[in-house]
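Okay, start-v8.cif is below, mmCIF, C-alpha atoms:
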data_protein
loop_
_atom_site.label_atom_id
_atom_site.label_comp_id
_atom_site.auth_asym_id
_atom_site.auth_seq_id
_atom_site.Cartn_x
_atom_site.Cartn_y
_atom_site.Cartn_z
CA MET E 1 111.90 -6.49 17.92
CA ASN E 2 111.93 -4.55 21.16
CA PRO E 3 108.88 -4.69 23.49
CA GLU E 4 107.93 -1.08 22.76
CA ASP E 5 107.75 -1.70 19.02
CA PHE E 6 105.82 -4.93 19.54
CA ASN E 7 103.29 -3.19 21.77
CA PHE E 8 102.86 -0.40 19.23
CA ILE E 9 102.28 -2.64 16.20
CA SER E 10 100.12 -5.17 18.08
CA THR E 11 97.94 -2.39 19.51
CA LEU E 12 97.55 -0.82 16.06
CA ILE E 13 96.57 -4.12 14.46
CA LYS E 14 94.11 -5.00 17.23
CA SER E 15 92.42 -1.59 17.11
CA ARG E 16 91.87 -1.92 13.36
CA SER E 17 91.04 -5.61 13.01
CA GLY E 18 90.47 -7.24 16.39
CA LEU E 19 93.46 -9.53 15.84
CA ALA E 20 95.08 -10.10 19.24
CA LEU E 21 98.81 -10.76 18.96
CA THR E 22 100.68 -12.16 21.95
CA PRO E 23 104.50 -12.09 22.15
CA ASP E 24 104.70 -15.78 21.22
CA LYS E 25 103.10 -14.86 17.86
CA ALA E 26 105.78 -12.30 17.03
CA TYR E 27 107.01 -14.59 14.25
CA LEU E 28 103.80 -13.76 12.35
CA LEU E 29 104.87 -10.13 12.19
CA GLU E 30 108.13 -11.17 10.57
CA SER E 31 106.56 -13.48 7.99
CA ARG E 32 103.61 -11.25 7.10
CA LEU E 33 105.16 -7.78 7.27
CA MET E 34 108.64 -8.22 5.83
CA PRO E 35 107.22 -8.26 2.26
CA VAL E 36 105.45 -4.97 3.05
CA ALA E 37 108.65 -3.51 4.48
CA ARG E 38 110.67 -4.51 1.40
CA LYS E 39 107.99 -3.17 -0.94
CA HIS E 40 108.30 0.27 0.66
CA GLY E 41 112.10 0.25 0.72
CA HIS E 42 112.58 -0.44 4.42
CA ASN E 43 115.47 -2.56 5.66
CA GLY E 44 113.40 -4.35 8.27
CA LEU E 45 110.43 -4.26 10.61
CA ASP E 46 112.07 -1.62 12.80
CA ASP E 47 112.12 0.80 9.87
CA LEU E 48 108.54 -0.08 8.89
CA ILE E 49 107.27 0.45 12.42
CA GLY E 50 109.19 3.73 12.57
CA ALA E 51 107.39 4.87 9.43
CA LEU E 52 104.05 3.90 10.92
CA ARG E 53 104.85 5.84 14.08
CA THR E 54 106.04 9.05 12.44
CA ARG E 55 104.05 9.38 9.21
CA LYS E 56 100.81 7.63 10.18
CA GLU E 57 99.94 7.19 6.50
CA GLU E 58 96.53 5.57 6.19
CA PRO E 59 97.31 3.56 3.01
CA LEU E 60 100.36 2.02 4.71
CA ILE E 61 98.36 1.23 7.85
CA ILE E 62 95.68 -0.47 5.73
CA GLU E 63 98.33 -2.48 3.88
CA VAL E 64 99.89 -3.65 7.15
CA VAL E 65 96.53 -4.64 8.64
CA GLU E 66 95.51 -6.50 5.49
CA ALA E 67 98.83 -8.36 5.43
CA MET E 68 98.25 -9.53 8.99
CA THR E 69 94.60 -10.51 8.57
CA THR E 70 94.56 -12.21 5.16
CA ASN E 71 94.19 -15.95 5.76
CA GLU E 72 94.23 -18.79 3.28
CA SER E 73 91.01 -20.55 2.43
CA PHE E 74 89.96 -23.52 0.38
CA PHE E 75 86.80 -25.02 -1.08
CA PHE E 76 84.54 -27.10 1.18
CA ARG E 77 86.95 -26.58 4.07
CA ASP E 78 86.56 -29.40 6.63
CA ASN E 79 83.68 -30.84 4.54
CA LYS E 80 81.41 -31.59 7.52
CA PRO E 81 79.95 -28.06 7.88
CA PHE E 82 78.71 -28.16 4.30
CA ASP E 83 77.16 -31.60 4.82
CA LEU E 84 75.44 -30.26 7.93
CA LEU E 85 74.26 -27.19 6.03
CA ARG E 86 72.67 -29.34 3.32
CA ASP E 87 71.28 -32.19 5.43
CA GLU E 88 70.43 -30.67 8.83
CA VAL E 89 70.39 -26.87 8.84
CA LEU E 90 68.71 -26.01 5.55
CA PRO E 91 65.64 -28.34 5.56
CA PRO E 92 63.81 -26.80 8.56
CA ILE E 93 64.78 -23.25 7.57
CA LEU E 94 63.55 -23.77 4.01
CA GLU E 95 60.32 -25.28 5.29
CA SER E 96 59.63 -22.32 7.57
CA ARG E 97 60.28 -19.87 4.72
CA ALA E 98 58.38 -21.74 2.03
CA ASP E 99 55.88 -18.89 1.62
CA LYS E 100 58.40 -16.08 1.22
CA LYS E 101 61.01 -18.19 -0.62
CA HIS E 102 63.83 -15.92 0.53
CA LEU E 103 67.07 -17.12 2.13
CA LYS E 104 69.94 -14.91 3.30
CA ILE E 105 73.38 -16.25 4.20
CA TRP E 106 76.41 -14.27 5.37
CA CYS E 107 80.06 -15.37 5.23
CA ALA E 108 81.67 -13.04 7.75
CA ALA E 109 85.25 -13.73 6.63
CA ALA E 110 84.96 -14.52 2.94
CA SER E 111 88.70 -14.31 2.21
CA SER E 112 89.31 -15.23 -1.45
CA GLY E 113 85.79 -16.57 -1.97
CA GLN E 114 86.10 -20.32 -1.57
CA GLU E 115 83.64 -20.54 1.32
CA PRO E 116 80.78 -18.47 -0.15
CA TYR E 117 81.17 -20.20 -3.52
CA SER E 118 81.09 -23.58 -1.77
CA ILE E 119 77.82 -22.54 -0.12
CA ALA E 120 76.46 -21.38 -3.47
CA ILE E 121 77.30 -24.76 -4.99
CA VAL E 122 75.53 -26.56 -2.12
CA LEU E 123 72.41 -24.50 -2.83
CA LYS E 124 72.70 -24.99 -6.59
CA GLU E 125 72.95 -28.74 -6.12
CA LEU E 126 69.55 -28.72 -4.37
CA GLY E 127 68.07 -28.03 -7.81
CA VAL E 128 64.27 -27.94 -8.02
CA ARG E 129 63.94 -27.73 -4.22
CA LEU E 130 65.00 -24.10 -4.52
CA ALA E 131 63.26 -23.27 -7.78
CA GLY E 132 61.77 -19.78 -7.53
CA TRP E 133 63.71 -18.89 -4.40
CA ASN E 134 65.51 -15.59 -3.86
CA LEU E 135 68.94 -16.61 -2.58
CA ASP E 136 71.23 -13.93 -1.15
CA ILE E 137 74.79 -14.83 -0.18
CA LEU E 138 76.98 -12.03 1.15
CA GLY E 139 80.72 -12.38 1.62
CA THR E 140 82.57 -9.75 3.65
CA ASP E 141 86.21 -9.31 4.56
CA ILE E 142 88.59 -6.70 5.91
CA SER E 143 90.94 -6.93 2.90
CA HIS E 144 90.10 -5.00 -0.26
CA ASP E 145 92.63 -6.99 -2.31
CA ILE E 146 91.33 -10.39 -1.23
CA LEU E 147 87.76 -9.33 -2.00
CA LYS E 148 88.79 -8.37 -5.54
CA LYS E 149 90.16 -11.87 -6.01
CA ALA E 150 86.98 -13.38 -4.61
CA ALA E 151 84.74 -11.35 -6.90
CA GLY E 152 86.89 -12.30 -9.90
CA GLY E 153 86.32 -15.99 -9.30
CA HIS E 154 89.64 -17.09 -10.81
CA TYR E 155 91.58 -19.88 -9.12
CA SER E 156 94.81 -21.72 -9.83
CA GLN E 157 95.01 -25.47 -10.31
CA PHE E 158 96.45 -25.73 -6.81
CA GLU E 159 93.55 -23.76 -5.32
CA VAL E 160 90.81 -25.84 -6.94
CA GLN E 161 92.56 -29.07 -6.01
CA ARG E 162 92.22 -28.12 -2.35
CA GLY E 163 88.76 -29.40 -1.52
CA MET E 164 86.80 -29.06 -4.76
CA PRO E 165 85.48 -32.48 -5.89
CA ILE E 166 86.37 -33.15 -9.51
CA GLN E 167 82.75 -33.63 -10.59
CA LEU E 168 81.80 -30.22 -9.15
CA LEU E 169 84.91 -28.61 -10.62
CA LEU E 170 83.96 -29.75 -14.11
CA LYS E 171 80.32 -28.79 -13.57
CA TYR E 172 80.77 -25.30 -12.16
CA PHE E 173 84.13 -24.06 -13.47
CA ASP E 174 85.55 -23.21 -16.89
CA LYS E 175 89.21 -23.88 -17.70
CA LYS E 176 91.04 -20.66 -18.58
CA ASP E 177 94.62 -21.37 -19.69
CA GLU E 178 96.35 -22.59 -16.52
CA ALA E 179 93.57 -21.44 -14.20
CA TRP E 180 89.88 -22.08 -13.54
CA GLU E 181 87.05 -19.55 -13.56
CA ILE E 182 83.85 -20.17 -11.65
CA LYS E 183 80.79 -20.11 -13.90
CA PRO E 184 78.51 -17.03 -13.87
CA GLU E 185 75.60 -19.08 -12.51
CA ILE E 186 77.57 -19.55 -9.26
CA LYS E 187 79.49 -16.27 -9.26
CA ASN E 188 76.28 -14.25 -9.57
CA MET E 189 74.84 -15.90 -6.46
CA VAL E 190 77.40 -14.15 -4.24
CA LYS E 191 77.90 -10.46 -3.53
CA TYR E 192 81.05 -9.17 -1.84
CA LYS E 193 81.46 -6.18 0.44
CA TYR E 194 84.26 -4.72 2.53
CA TYR E 195 83.30 -4.84 6.20
CA ASN E 196 85.10 -4.86 9.51
CA LEU E 197 83.64 -7.06 12.26
CA LEU E 198 84.63 -4.43 14.81
CA GLU E 199 82.14 -1.99 13.30
CA LYS E 200 78.39 -1.89 13.93
CA LEU E 201 76.94 -4.84 12.03
CA ALA E 202 73.31 -3.67 11.90
CA PRO E 203 73.72 -1.95 8.48
CA LEU E 204 74.35 -5.37 6.91
CA GLY E 205 70.74 -6.38 7.53
CA GLY E 206 69.40 -9.74 8.70
CA PHE E 207 70.57 -13.26 7.92
CA ASP E 208 69.08 -16.73 8.33
CA ILE E 209 72.49 -18.44 8.42
CA VAL E 210 75.88 -17.00 9.30
CA PHE E 211 79.28 -18.54 8.64
CA CYS E 212 81.91 -16.98 10.90
CA ARG E 213 84.49 -19.74 10.76
CA ASN E 214 88.13 -19.52 11.82
CA VAL E 215 87.89 -15.82 12.67
CA LEU E 216 87.14 -15.63 16.38
CA ILE E 217 90.25 -17.63 17.28
CA TYR E 218 92.25 -14.48 16.53
CA PHE E 219 90.22 -12.28 18.89
CA ASP E 220 90.44 -11.91 22.65
CA ALA E 221 87.46 -13.02 24.77
CA GLU E 222 85.94 -9.56 25.08
CA THR E 223 86.03 -8.93 21.32
CA LYS E 224 84.62 -12.41 20.60
CA GLY E 225 81.68 -11.72 22.89
CA LYS E 226 80.90 -8.36 21.32
CA VAL E 227 81.03 -9.76 17.77
CA LEU E 228 78.83 -12.74 18.65
CA GLU E 229 76.25 -10.54 20.36
CA GLN E 230 76.03 -8.36 17.26
CA ILE E 231 75.72 -11.39 15.00
CA ALA E 232 72.89 -12.72 17.16
CA SER E 233 71.04 -9.43 16.76
CA LEU E 234 71.02 -9.93 12.96
CA MET E 235 69.46 -13.39 13.10
CA PRO E 236 65.89 -14.68 13.58
CA ALA E 237 65.01 -17.03 16.40
CA ASP E 238 65.64 -20.12 14.24
CA GLY E 239 68.83 -18.76 12.67
CA LYS E 240 71.99 -20.86 12.72
CA LEU E 241 75.63 -19.89 13.20
CA PHE E 242 78.61 -21.88 11.90
CA LEU E 243 81.94 -21.53 13.71
CA GLY E 244 85.30 -23.19 13.08
CA GLY E 245 86.26 -26.48 14.69
CA ALA E 246 88.52 -24.78 17.25
CA GLU E 247 85.93 -22.15 18.17
CA THR E 248 83.09 -22.14 20.68
CA VAL E 249 80.53 -19.84 22.26
CA LEU E 250 80.82 -21.50 25.66
CA GLY E 251 82.12 -19.07 28.22
CA VAL E 252 82.05 -16.28 25.63
CA THR E 253 78.38 -15.37 25.12
CA ASP E 254 74.94 -16.55 26.20
CA LYS E 255 73.36 -15.49 22.90
CA PHE E 256 74.07 -18.86 21.25
CA GLU E 257 74.12 -22.49 22.30
CA PRO E 258 75.56 -25.58 20.57
CA VAL E 259 73.15 -27.62 18.46
CA LYS E 260 73.23 -31.19 19.70
CA GLY E 261 74.73 -33.60 17.19
CA GLN E 262 75.81 -30.80 14.84
CA ARG E 263 79.40 -29.94 15.71
CA GLY E 264 80.28 -26.35 14.90
CA VAL E 265 76.63 -25.27 14.52
CA TYR E 266 75.02 -22.93 17.04
CA ALA E 267 71.43 -21.81 17.60
CA ARG E 268 70.06 -18.58 19.02
CA THR E 269 69.15 -18.89 22.70
#
Would you mind writing the structure in this file as structure tokens?
Amino acid sequence: MNPEDFNFISTLIKSRSGLALTPDKAYLLESRLMPVARKHGHNGLDDLIGALRTRKEEPLIIEVVEAMTTNESFFFRDNKPFDLLRDEVLPPILESRADKKHLKIWCAAASSGQEPYSIAIVLKELGVRLAGWNLDILGTDISHDILKKAAGGHYSQFEVQRGMPIQLLLKYFDKKDEAWEIKPEIKNMVKYKYYNLLEKLAPLGGFDIVFCRNVLIYFDAETKGKVLEQIASLMPADGKLFLGGAETVLGVTDKFEPVKGQRGVYART
């Protein structure tokens, strides 16, 4: 791929999704976009990029952006964040909201639903401690197709084997032929919505807890800072933010600070 084509496609993708591609990541274009090129009858990326340049068809642009931004996910990814949610983050937040009994959680990159459903299961496992509570879990993503899969709640044997403990699998999923379907009691706890983190986030409302894991690593420093500042504006003073293990707010924004002893958890400043 010549530098001009790379600059064109990387600029397009960044403007639509925030994903910052450097030349050393050019291999991602090949692996993610060649299926799109073949689907539309193009011989290679050069032809696909030519079509994007000349026709500027919105459906094709959306398909390209979704192909580049769709990332795999799995249940209870990294385990520790969900332990921290249950044991450290939730108790003081639930205590402070005992009168209203309303908890709002946002998964800012829901992908195919494994993270928000894992959170829902954590809450469900708390049992009587949350009896009578209004629990709102919102999952957003930039891919319409991946959100459809998430809302459907159907997962292959391979997908449920990646992180879902067998006792929870049998408790909260139904076997459907060769796949598994998450039970309505968990599925109904989560709502899904298309949303781009580059847009104004205020219309989403407020959230007590935000999961924005393994997203910011794809953004440049300026975009990270803007997204984090907007997230902070949606959260109360005692709200908590979860980031991925390779992500940090240090040197990016002064709106959050690390919570001591809780790796990956950040508090409003």
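Picked out by the PyMOL selection byres ((chain E and resi 231-238) around 7) when it runs on this file: E:Ala202, E:Gly205, E:Gly206, E:Phe207, E:Asp208, E:Val227, E:Leu228, E:Glu229, E:Gln230, E:Gly239, E:Lys240, E:Lys255, E:Ala267, E:Arg268.
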Next on the checklist: What's around Leu45 in chain E at 8 Å? Count only C-alpha atoms, leave out sequence neighbours fewer than 6 positions away in its own chain, and write the answer as a ChimeraX atom specification.
Outcome noted: /E:1,30,33-34,37
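Summary of the local environment: counting only C-alpha atoms, residues at most 8 Å from range 70-85 of chain E, other than itself and those fewer than 6 positions away along its chain, are Ser111, Ser112, Gly113, Gln114, Glu115, Tyr117, Ser118, Ile119, Val122, Ser143, Ile146, Glu159, Val160, Arg162, Gly163, Met164, Phe242, Gln262, Gly264 and Val265 of chain E.
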Checklist entry - What is the distance between CA of Lys175 in chain E and CA of Gln161 in chain E, in Å to one decimal? => result 13.2 Å
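CA of Asp87 in chain E sits 18.2 Å away from CA of Trp133 in chain E.
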Item to check | Matched chain/residue IDs from the PyMOL selection byres ((chain E and resi 182-185) around 7), as a ChimeraX atom specification | outcome: /E:153-154,172-174,180-181,186-189
If I only have part of range 138-165 of chain E, can you fill in N, CA and C atoms and write it as a short mmCIF file (atom, residue, chain, number, x, y, z; two decimals), keeping the file's coordinate frame?
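Ended up saving to result12.cif:
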data_model
loop_
_atom_site.label_atom_id
_atom_site.label_comp_id
_atom_site.auth_asym_id
_atom_site.auth_seq_id
_atom_site.Cartn_x
_atom_site.Cartn_y
_atom_site.Cartn_z
N LEU E 138 76.08 -13.17 1.01
CA LEU E 138 76.98 -12.03 1.15
C LEU E 138 78.31 -12.50 1.73
N GLY E 139 79.40 -12.11 1.09
CA GLY E 139 80.72 -12.38 1.62
C GLY E 139 81.41 -11.08 1.99
N THR E 140 81.87 -10.96 3.22
CA THR E 140 82.57 -9.75 3.65
C THR E 140 83.97 -10.11 4.13
N ASP E 141 84.85 -9.12 4.06
CA ASP E 141 86.21 -9.31 4.56
C ASP E 141 86.80 -7.94 4.83
N ILE E 142 87.93 -7.94 5.55
CA ILE E 142 88.59 -6.70 5.91
C ILE E 142 89.67 -6.30 4.89
N SER E 143 89.91 -7.18 3.91
CA SER E 143 90.94 -6.93 2.90
C SER E 143 90.31 -6.59 1.55
N HIS E 144 90.60 -5.40 1.06
CA HIS E 144 90.10 -5.00 -0.26
C HIS E 144 90.68 -5.90 -1.36
N ASP E 145 91.97 -6.19 -1.27
CA ASP E 145 92.63 -6.99 -2.31
C ASP E 145 92.06 -8.40 -2.38
N ILE E 146 91.83 -9.02 -1.23
CA ILE E 146 91.33 -10.39 -1.23
C ILE E 146 89.90 -10.44 -1.74
N LEU E 147 89.13 -9.38 -1.50
CA LEU E 147 87.76 -9.33 -2.00
C LEU E 147 87.72 -9.19 -3.52
N LYS E 148 88.70 -8.47 -4.08
CA LYS E 148 88.79 -8.37 -5.54
C LYS E 148 89.02 -9.75 -6.15
N LYS E 149 89.90 -10.52 -5.52
CA LYS E 149 90.16 -11.87 -6.01
C LYS E 149 88.90 -12.72 -5.91
N ALA E 150 88.20 -12.61 -4.79
CA ALA E 150 86.98 -13.38 -4.61
C ALA E 150 85.95 -13.05 -5.68
N ALA E 151 85.73 -11.76 -5.91
CA ALA E 151 84.74 -11.35 -6.90
C ALA E 151 85.12 -11.78 -8.30
N GLY E 152 86.42 -11.87 -8.58
CA GLY E 152 86.89 -12.30 -9.90
C GLY E 152 86.60 -13.76 -10.17
N GLY E 153 86.65 -14.57 -9.13
CA GLY E 153 86.32 -15.99 -9.30
C GLY E 153 87.32 -16.80 -10.07
N HIS E 154 88.59 -16.36 -10.12
CA HIS E 154 89.64 -17.09 -10.81
C HIS E 154 90.53 -17.81 -9.80
N TYR E 155 90.80 -19.09 -10.05
CA TYR E 155 91.58 -19.88 -9.12
C TYR E 155 92.60 -20.73 -9.87
N SER E 156 93.75 -20.90 -9.24
CA SER E 156 94.81 -21.72 -9.83
C SER E 156 94.45 -23.20 -9.71
N GLN E 157 95.22 -24.02 -10.41
CA GLN E 157 95.01 -25.47 -10.31
C GLN E 157 95.20 -25.93 -8.88
N PHE E 158 96.20 -25.38 -8.21
CA PHE E 158 96.45 -25.73 -6.81
C PHE E 158 95.26 -25.38 -5.93
N GLU E 159 94.66 -24.21 -6.16
CA GLU E 159 93.55 -23.76 -5.32
C GLU E 159 92.30 -24.63 -5.51
N VAL E 160 92.01 -25.02 -6.74
CA VAL E 160 90.81 -25.84 -6.94
C VAL E 160 91.03 -27.28 -6.50
N GLN E 161 92.28 -27.71 -6.48
CA GLN E 161 92.56 -29.07 -6.01
C GLN E 161 92.36 -29.20 -4.51
N ARG E 162 92.36 -28.09 -3.80
CA ARG E 162 92.22 -28.12 -2.35
C ARG E 162 90.74 -28.11 -1.97
N GLY E 163 90.12 -29.26 -2.02
CA GLY E 163 88.76 -29.40 -1.52
C GLY E 163 87.66 -29.51 -2.54
N MET E 164 87.88 -29.04 -3.77
CA MET E 164 86.80 -29.06 -4.76
C MET E 164 86.72 -30.44 -5.42
N PRO E 165 85.63 -31.19 -5.22
CA PRO E 165 85.48 -32.48 -5.89
C PRO E 165 85.53 -32.33 -7.41
#
